[in-house]
$ cat final.cif   # mmCIF, C-alpha atoms and all ligand atoms
data_start
#
loop_
_atom_site.label_atom_id
_atom_site.label_comp_id
_atom_site.auth_asym_id
_atom_site.auth_seq_id
_atom_site.Cartn_x
_atom_site.Cartn_y
_atom_site.Cartn_z
CA MET C 107 -158.68 68.15 -46.01
CA SER C 108 -158.22 70.24 -49.10
CA GLY C 109 -159.48 70.51 -52.68
CA SER C 110 -163.01 70.16 -54.01
CA PRO C 111 -165.28 67.56 -52.44
CA ALA C 112 -165.30 64.17 -54.12
CA PRO C 113 -168.35 63.41 -56.33
CA ARG C 114 -171.25 61.76 -54.53
CA PRO C 115 -170.67 58.02 -54.77
CA GLY C 116 -173.28 55.80 -56.38
CA LEU C 117 -172.33 52.91 -54.14
CA SER C 118 -171.43 52.71 -50.46
CA LEU C 119 -169.67 49.74 -48.92
CA VAL C 120 -170.73 49.58 -45.27
CA ILE C 121 -168.37 47.60 -43.07
CA PRO C 122 -168.86 47.16 -39.30
CA VAL C 123 -165.55 46.83 -37.46
CA TYR C 124 -165.01 45.55 -33.95
CA ASN C 125 -161.42 44.65 -33.18
CA GLU C 126 -160.34 43.64 -36.68
CA ARG C 127 -156.92 45.37 -36.77
CA GLU C 128 -155.06 42.84 -38.88
CA ASN C 129 -157.88 42.35 -41.37
CA LEU C 130 -158.34 45.98 -42.33
CA ALA C 131 -155.38 46.66 -44.63
CA PRO C 132 -155.78 43.46 -46.69
CA LEU C 133 -159.54 44.08 -46.90
CA HIS C 134 -158.96 47.62 -48.12
CA SER C 135 -156.56 46.41 -50.85
CA GLU C 136 -158.92 43.67 -51.99
CA LEU C 137 -161.85 46.07 -52.12
CA MET C 138 -159.90 48.67 -54.10
CA ALA C 139 -158.92 46.03 -56.66
CA VAL C 140 -162.44 44.64 -57.00
CA MET C 141 -164.19 48.01 -57.18
CA LYS C 142 -162.28 48.81 -60.37
CA SER C 143 -164.71 46.52 -62.16
CA VAL C 144 -167.82 48.19 -60.70
CA PRO C 145 -168.81 51.27 -62.70
CA GLY C 146 -169.21 54.63 -60.95
CA ALA C 147 -167.81 56.29 -57.86
CA TYR C 148 -167.94 54.47 -54.54
CA GLU C 149 -167.05 54.97 -50.89
CA MET C 150 -165.88 52.55 -48.23
CA LEU C 151 -167.63 53.43 -45.01
CA PHE C 152 -166.06 51.68 -42.05
CA VAL C 153 -168.00 51.87 -38.80
CA ASP C 154 -165.66 51.32 -35.88
CA ASP C 155 -167.87 49.87 -33.20
CA GLY C 156 -165.70 50.87 -30.24
CA SER C 157 -162.65 48.76 -31.14
CA THR C 158 -159.94 48.57 -28.49
CA ASP C 159 -157.26 46.69 -30.45
CA GLY C 160 -155.80 49.54 -32.51
CA SER C 161 -158.27 49.20 -35.41
CA ALA C 162 -158.99 52.93 -35.05
CA GLU C 163 -155.39 53.83 -35.80
CA VAL C 164 -155.29 51.58 -38.88
CA LEU C 165 -158.55 53.11 -40.12
CA ARG C 166 -157.18 56.61 -39.60
CA GLN C 167 -154.17 55.76 -41.75
CA MET C 168 -156.39 54.27 -44.45
CA ARG C 169 -158.55 57.39 -44.37
CA ALA C 170 -155.49 59.62 -44.76
CA ALA C 171 -154.20 57.60 -47.72
CA ASP C 172 -157.46 57.01 -49.59
CA PRO C 173 -160.16 59.66 -50.05
CA GLN C 174 -162.71 56.95 -50.81
CA VAL C 175 -162.44 55.72 -47.23
CA ARG C 176 -164.71 57.18 -44.55
CA VAL C 177 -164.70 56.19 -40.92
CA LEU C 178 -167.45 56.56 -38.35
CA THR C 179 -166.19 55.87 -34.86
CA PHE C 180 -168.42 54.90 -31.96
CA ALA C 181 -167.55 56.08 -28.47
CA ARG C 182 -168.01 52.53 -27.23
CA ASN C 183 -169.11 49.14 -28.49
CA ALA C 184 -172.80 49.28 -29.41
CA GLY C 185 -173.24 46.05 -31.40
CA GLN C 186 -173.36 45.03 -35.03
CA SER C 187 -176.91 46.25 -35.63
CA ALA C 188 -176.01 49.71 -34.32
CA ALA C 189 -172.88 49.81 -36.48
CA MET C 190 -174.88 48.86 -39.55
CA ASP C 191 -177.59 51.39 -38.76
CA ALA C 192 -175.02 54.17 -38.47
CA GLY C 193 -173.51 53.00 -41.75
CA PHE C 194 -176.88 53.00 -43.50
CA LYS C 195 -177.62 56.50 -42.25
CA GLY C 196 -174.16 57.78 -43.13
CA ALA C 197 -173.99 56.14 -46.56
CA ARG C 198 -174.28 58.49 -49.51
CA GLY C 199 -174.65 55.97 -52.34
CA ASP C 200 -178.03 54.92 -53.71
CA VAL C 201 -176.78 51.35 -53.45
CA VAL C 202 -175.40 49.98 -50.19
CA VAL C 203 -173.32 46.81 -50.01
CA THR C 204 -172.61 45.36 -46.57
CA LEU C 205 -169.83 42.98 -45.69
CA ASP C 206 -167.88 41.89 -42.63
CA ALA C 207 -164.47 43.33 -41.89
CA ASP C 208 -162.92 39.94 -41.14
CA LEU C 209 -162.27 38.88 -44.77
CA GLN C 210 -164.73 35.99 -44.49
CA ASN C 211 -166.89 37.53 -47.23
CA ASP C 212 -165.12 37.54 -50.59
CA PRO C 213 -165.00 41.03 -52.15
CA ALA C 214 -164.81 39.33 -55.56
CA ASP C 215 -168.56 38.62 -55.20
CA ILE C 216 -169.46 42.32 -55.05
CA PRO C 217 -169.77 43.01 -58.82
CA ARG C 218 -172.20 40.09 -59.23
CA LEU C 219 -174.15 41.14 -56.17
CA VAL C 220 -174.58 44.67 -57.53
CA GLU C 221 -175.60 43.40 -60.96
CA ALA C 222 -178.17 41.12 -59.35
CA LEU C 223 -179.80 44.14 -57.70
CA ALA C 224 -181.25 45.30 -61.04
CA GLY C 225 -185.02 45.12 -60.68
CA TRP C 226 -184.80 44.21 -56.96
CA ASP C 227 -184.53 46.08 -53.66
CA ALA C 228 -182.11 43.75 -51.91
CA VAL C 229 -179.83 40.85 -52.77
CA VAL C 230 -178.82 38.47 -49.98
CA GLY C 231 -175.76 36.24 -50.25
CA VAL C 232 -175.96 32.53 -49.54
CA ARG C 233 -172.60 31.15 -48.41
CA ARG C 234 -172.05 28.11 -50.57
CA LYS C 235 -169.08 26.53 -48.81
CA ARG C 236 -169.06 27.77 -45.25
CA GLN C 237 -165.52 28.03 -43.91
CA ASP C 238 -166.49 27.78 -40.26
CA ASN C 239 -166.15 24.90 -37.85
CA LEU C 240 -168.77 22.15 -37.60
CA VAL C 241 -170.46 23.55 -34.50
CA ARG C 242 -171.00 26.90 -36.20
CA ARG C 243 -172.18 25.37 -39.45
CA VAL C 244 -174.68 23.12 -37.72
CA SER C 245 -175.95 25.79 -35.33
CA SER C 246 -176.39 28.22 -38.21
CA ARG C 247 -178.34 25.63 -40.20
CA VAL C 248 -180.61 24.90 -37.27
CA ALA C 249 -181.02 28.63 -36.59
CA ASN C 250 -182.01 29.32 -40.19
CA TYR C 251 -184.50 26.46 -40.14
CA VAL C 252 -186.10 27.60 -36.87
CA ARG C 253 -186.09 31.23 -38.02
CA ASN C 254 -187.80 30.38 -41.27
CA ARG C 255 -190.36 28.14 -39.59
CA LEU C 256 -191.29 30.57 -36.83
CA SER C 257 -191.34 33.69 -38.95
CA ASP C 258 -192.87 32.08 -42.03
CA GLU C 259 -189.86 33.06 -44.05
CA THR C 260 -187.71 31.48 -46.78
CA ILE C 261 -184.31 33.13 -46.37
CA THR C 262 -181.56 30.51 -46.72
CA ASP C 263 -178.67 32.24 -44.96
CA THR C 264 -179.58 35.44 -43.18
CA GLY C 265 -176.28 35.29 -41.27
CA CYS C 266 -174.37 36.07 -44.45
CA SER C 267 -173.37 39.71 -44.13
CA LEU C 268 -172.64 40.11 -47.83
CA LYS C 269 -175.77 41.82 -49.07
CA ALA C 270 -176.70 44.63 -51.46
CA PHE C 271 -179.56 47.05 -50.85
CA ARG C 272 -181.20 50.08 -52.31
CA ARG C 273 -180.59 52.78 -49.71
CA ALA C 274 -184.12 54.10 -50.20
CA ALA C 275 -185.44 50.74 -48.97
CA LEU C 276 -183.13 50.65 -45.94
CA SER C 277 -184.18 54.13 -44.94
CA ARG C 278 -187.69 52.81 -44.34
CA LEU C 279 -186.52 50.50 -41.55
CA VAL C 280 -186.29 51.25 -37.85
CA LEU C 281 -183.66 48.93 -36.44
CA TYR C 282 -183.27 47.49 -32.95
CA ASP C 283 -180.34 45.61 -31.45
CA GLY C 284 -180.09 42.21 -33.14
CA MET C 285 -182.13 43.22 -36.18
CA HIS C 286 -179.15 43.00 -38.55
CA ARG C 287 -180.02 39.29 -38.75
CA PHE C 288 -183.52 40.05 -39.96
CA LEU C 289 -182.98 42.70 -42.62
CA PRO C 290 -184.41 40.59 -45.47
CA THR C 291 -187.60 39.88 -43.51
CA LEU C 292 -187.98 43.48 -42.36
CA LEU C 293 -187.63 44.67 -45.95
CA LYS C 294 -190.14 42.14 -47.27
CA MET C 295 -192.58 43.29 -44.59
CA GLU C 296 -192.38 46.76 -46.13
CA GLY C 297 -193.18 45.31 -49.54
CA PHE C 298 -189.65 45.34 -50.93
CA ARG C 299 -188.39 42.64 -53.27
CA VAL C 300 -185.55 40.51 -51.93
CA ARG C 301 -183.61 37.84 -53.82
CA GLU C 302 -180.75 35.48 -52.96
CA ILE C 303 -177.60 34.59 -54.86
CA PRO C 304 -174.76 32.18 -53.98
CA VAL C 305 -171.51 33.75 -52.72
CA GLY C 306 -168.16 32.48 -51.50
CA HIS C 307 -166.91 32.29 -47.94
CA ARG C 308 -163.45 32.18 -46.42
CA PRO C 309 -162.02 31.21 -43.07
CA ARG C 310 -161.29 33.89 -40.49
CA ARG C 311 -157.49 34.19 -40.41
CA HIS C 312 -157.00 37.05 -37.96
CA GLY C 313 -158.85 38.11 -34.84
CA ASP C 314 -161.70 36.30 -33.14
CA SER C 315 -165.34 35.79 -33.97
CA LYS C 316 -167.45 38.05 -31.78
CA TYR C 317 -170.17 35.44 -31.41
CA GLY C 318 -170.42 31.94 -30.03
CA ILE C 319 -173.35 29.73 -29.10
CA GLY C 320 -173.52 31.52 -25.73
CA ASN C 321 -174.06 35.08 -26.93
CA ARG C 322 -175.94 34.33 -30.15
CA LEU C 323 -178.40 31.50 -29.59
CA LEU C 324 -180.66 32.92 -26.91
CA PRO C 325 -180.57 36.61 -27.95
CA SER C 326 -181.27 35.79 -31.58
CA PHE C 327 -184.10 33.46 -30.55
CA MET C 328 -185.68 36.27 -28.52
CA ASP C 329 -185.23 38.59 -31.50
CA LEU C 330 -186.92 36.00 -33.69
CA LEU C 331 -189.96 36.01 -31.41
CA ALA C 332 -190.08 39.80 -31.70
CA VAL C 333 -189.94 39.65 -35.49
CA ARG C 334 -192.58 36.93 -35.55
CA TRP C 335 -194.80 39.14 -33.39
CA MET C 336 -194.17 42.18 -35.61
CA LYS C 337 -194.97 40.21 -38.72
CA ARG C 338 -198.21 38.89 -37.26
CA ARG C 339 -199.24 42.22 -35.83
CA LYS C 340 -198.36 44.27 -38.87
CA LEU C 341 -201.22 46.60 -39.69
CA ARG C 342 -203.05 45.40 -42.73
CA TYR C 343 -206.05 47.36 -43.88
CA GLU C 344 -207.55 48.76 -47.00
CA VAL C 345 -209.47 52.02 -47.04
CA LYS C 346 -212.64 51.28 -48.98
CA ASP C 347 -214.19 54.70 -48.77
CA ASP C 348 -213.11 58.18 -47.80
CA ILE C 349 -216.00 60.57 -48.18
N1 LIG C 401 -168.99 43.40 -35.26
C1 LIG C 401 -169.31 44.68 -34.83
N2 LIG C 401 -169.76 44.85 -33.55
C2 LIG C 401 -169.94 43.81 -32.69
C3 LIG C 401 -169.66 42.50 -33.16
C4 LIG C 401 -169.19 42.33 -34.44
O1 LIG C 401 -169.15 45.65 -35.57
O2 LIG C 401 -170.33 44.05 -31.55
C5 LIG C 401 -168.50 43.22 -36.63
C6 LIG C 401 -167.22 42.38 -36.76
O3 LIG C 401 -166.06 43.15 -36.61
C7 LIG C 401 -167.36 41.80 -38.15
C8 LIG C 401 -168.88 41.59 -38.27
O4 LIG C 401 -169.47 42.48 -37.34
O5 LIG C 401 -166.93 42.71 -39.13
C9 LIG C 401 -169.32 40.15 -38.00
O6 LIG C 401 -168.74 39.69 -36.80
P1 LIG C 401 -168.04 38.26 -36.69
O7 LIG C 401 -167.14 38.03 -37.86
O8 LIG C 401 -167.42 38.15 -35.35
O9 LIG C 401 -169.30 37.28 -36.80
P2 LIG C 401 -169.33 35.80 -37.39
O10 LIG C 401 -168.79 35.87 -38.80
O11 LIG C 401 -168.43 35.02 -36.53
O12 LIG C 401 -170.74 35.42 -37.33
MG MG C 402 -167.00 36.55 -39.42
#
$ encode --input "final.cif" --output "structure tokens"
Amino acid sequence: MSGSPAPRPGLSLVIPVYNERENLAPLHSELMAVMKSVPGAYEMLFVDDGSTDGSAEVLRQMRAADPQVRVLTFARNAGQSAAMDAGFKGARGDVVVTLDADLQNDPADIPRLVEALAGWDAVVGVRRKRQDNLVRRVSSRVANYVRNRLSDETITDTGCSLKAFRRAALSRLVLYDGMHRFLPTLLKMEGFRVREIPVGHRPRRHGDSKYGIGNRLLPSFMDLLAVRWMKRRKLRYEVKDDI
């Protein structure tokens, strides 16, 4: 690379990527177009979670053509929570926006999401018209209901990856595998303010979903029990005197 370093971006888009080759170029173009209406410098931080389908090569080309693109590449697949954690730690913006690489989240929602962050620590998208099949829509609804009941929570759609955060809030979290589904709860536990706004949703046109009932239901239920335990066992005390 040559020339002076780019100015520190105010906003980082963090995008986990696992075998999303055909989605990456259209996503990049859509994001570039949308980010014109968001004031300030930004970066697109793609985290390649050990893709084996040629995504790495596409990301390399995007990186070469666009200085706003950064790419972190994992040696092997480590899971969506790990990819997001690496993205959060690598992000340079004070504001972090997360979205999936599969074009299911609509980049056009980003300006509204960022505006909605004013006075809050996190904004969580709620997918208004889910473009997934019936089995996924129903299982997600049931999962959200059970999650909210068991963890005494009120998050409508934690599975929506389109979210905006203050990076300072994220840096307070210690993540474990599976915890990307519980970011709003983990932030609230630290006293941060989290709000929800409606966002769009689109069908997946290329590549496959990485989750099905089989690899999501049981693991995320176990994770829910862990979060429930953490929430109950959170240390709560008030020092009355220190003499
Ligand atoms: N993903 C990842 N690592 C994984 C699984 C998924 O980085 O081990 C990424 C994936 O490429 C996508 C996002 O996480 O950008 C969400 O995955 P997916 O679209 O398969 O989930 P769904 O929308 O079906 O719930
Ligand atoms: Mg998806």
$ closest_residue --input "final.cif" --among "C:Phe271, C:Tyr343, C:Phe180, C:Phe327" --to "Glu221 of chain C" --atoms "all atoms listed in the file"
C:Phe271
$ closest_residue --input "final.cif" --among "C:Asp258, C:Asp191, C:Asp347, C:Glu149" --to "ligand LIG 401 (chain C)" --atoms "all atoms listed in the file"
C:Asp191
$ residues_near_point --input "final.cif" --point "(-158.1, 36.5, -38.9)" --cutoff "12 Å" --atoms "only C-alpha atoms" --output "JSON, numbers by chain"
{"C": [125, 126, 127, 128, 129, 130, 131, 132, 133, 206, 207, 208, 209, 210, 308, 309, 310, 311, 312, 313, 314, 315, 316]}
$ atom_distance --input "final.cif" --atom1 "atom CA of Met285 of chain C" --atom2 "atom CA of Leu256 of chain C"
15.6 Å
$ atom_distance --input "final.cif" --atom1 "atom CA of Ser267 of chain C" --atom2 "atom CA of Lys340 of chain C"
25.9 Å
$ build_atoms --input "final.cif" --residues "segment 293-306 of chain C" --atoms "N, CA, C and O atoms" --output "PDB file, in the frame of the given file"
ATOM      1  N   LEU C 293    -187.414  44.013 -44.658  1.00  0.00           N
ATOM      2  CA  LEU C 293    -187.630  44.670 -45.950  1.00  0.00           C
ATOM      3  C   LEU C 293    -188.854  44.084 -46.659  1.00  0.00           C
ATOM      4  O   LEU C 293    -189.676  44.815 -47.211  1.00  0.00           O
ATOM      5  N   LYS C 294    -188.972  42.758 -46.617  1.00  0.00           N
ATOM      6  CA  LYS C 294    -190.140  42.140 -47.270  1.00  0.00           C
ATOM      7  C   LYS C 294    -191.431  42.615 -46.613  1.00  0.00           C
ATOM      8  O   LYS C 294    -192.447  42.808 -47.284  1.00  0.00           O
ATOM      9  N   MET C 295    -191.370  42.820 -45.285  1.00  0.00           N
ATOM     10  CA  MET C 295    -192.580  43.290 -44.590  1.00  0.00           C
ATOM     11  C   MET C 295    -193.008  44.661 -45.096  1.00  0.00           C
ATOM     12  O   MET C 295    -194.178  45.027 -45.026  1.00  0.00           O
ATOM     13  N   GLU C 296    -192.045  45.431 -45.586  1.00  0.00           N
ATOM     14  CA  GLU C 296    -192.380  46.760 -46.130  1.00  0.00           C
ATOM     15  C   GLU C 296    -192.735  46.681 -47.613  1.00  0.00           C
ATOM     16  O   GLU C 296    -192.887  47.706 -48.277  1.00  0.00           O
ATOM     17  N   GLY C 297    -192.781  45.476 -48.139  1.00  0.00           N
ATOM     18  CA  GLY C 297    -193.180  45.310 -49.540  1.00  0.00           C
ATOM     19  C   GLY C 297    -192.025  45.324 -50.525  1.00  0.00           C
ATOM     20  O   GLY C 297    -192.236  45.344 -51.736  1.00  0.00           O
ATOM     21  N   PHE C 298    -190.792  45.308 -50.018  1.00  0.00           N
ATOM     22  CA  PHE C 298    -189.650  45.340 -50.930  1.00  0.00           C
ATOM     23  C   PHE C 298    -189.329  43.942 -51.448  1.00  0.00           C
ATOM     24  O   PHE C 298    -189.625  42.936 -50.813  1.00  0.00           O
ATOM     25  N   ARG C 299    -188.701  43.922 -52.627  1.00  0.00           N
ATOM     26  CA  ARG C 299    -188.390  42.640 -53.270  1.00  0.00           C
ATOM     27  C   ARG C 299    -186.962  42.218 -52.940  1.00  0.00           C
ATOM     28  O   ARG C 299    -186.017  42.968 -53.178  1.00  0.00           O
ATOM     29  N   VAL C 300    -186.845  41.022 -52.410  1.00  0.00           N
ATOM     30  CA  VAL C 300    -185.550  40.510 -51.930  1.00  0.00           C
ATOM     31  C   VAL C 300    -185.226  39.209 -52.657  1.00  0.00           C
ATOM     32  O   VAL C 300    -186.077  38.325 -52.752  1.00  0.00           O
ATOM     33  N   ARG C 301    -184.014  39.100 -53.194  1.00  0.00           N
ATOM     34  CA  ARG C 301    -183.610  37.840 -53.820  1.00  0.00           C
ATOM     35  C   ARG C 301    -182.308  37.333 -53.207  1.00  0.00           C
ATOM     36  O   ARG C 301    -181.626  38.073 -52.507  1.00  0.00           O
ATOM     37  N   GLU C 302    -181.973  36.083 -53.501  1.00  0.00           N
ATOM     38  CA  GLU C 302    -180.750  35.480 -52.960  1.00  0.00           C
ATOM     39  C   GLU C 302    -179.836  35.051 -54.105  1.00  0.00           C
ATOM     40  O   GLU C 302    -180.324  34.613 -55.144  1.00  0.00           O
ATOM     41  N   ILE C 303    -178.541  35.176 -53.895  1.00  0.00           N
ATOM     42  CA  ILE C 303    -177.600  34.590 -54.860  1.00  0.00           C
ATOM     43  C   ILE C 303    -176.449  33.919 -54.084  1.00  0.00           C
ATOM     44  O   ILE C 303    -176.113  34.345 -52.979  1.00  0.00           O
ATOM     45  N   PRO C 304    -175.866  32.852 -54.665  1.00  0.00           N
ATOM     46  CA  PRO C 304    -174.760  32.180 -53.980  1.00  0.00           C
ATOM     47  C   PRO C 304    -173.499  33.052 -53.951  1.00  0.00           C
ATOM     48  O   PRO C 304    -173.215  33.758 -54.923  1.00  0.00           O
ATOM     49  N   VAL C 305    -172.782  33.012 -52.836  1.00  0.00           N
ATOM     50  CA  VAL C 305    -171.510  33.750 -52.720  1.00  0.00           C
ATOM     51  C   VAL C 305    -170.479  32.829 -52.059  1.00  0.00           C
ATOM     52  O   VAL C 305    -170.812  31.791 -51.495  1.00  0.00           O
ATOM     53  N   GLY C 306    -169.225  33.260 -52.117  1.00  0.00           N
ATOM     54  CA  GLY C 306    -168.160  32.480 -51.500  1.00  0.00           C
ATOM     55  C   GLY C 306    -168.047  32.763 -50.009  1.00  0.00           C
ATOM     56  O   GLY C 306    -168.756  33.606 -49.459  1.00  0.00           O
TER      57      GLY C 306
END
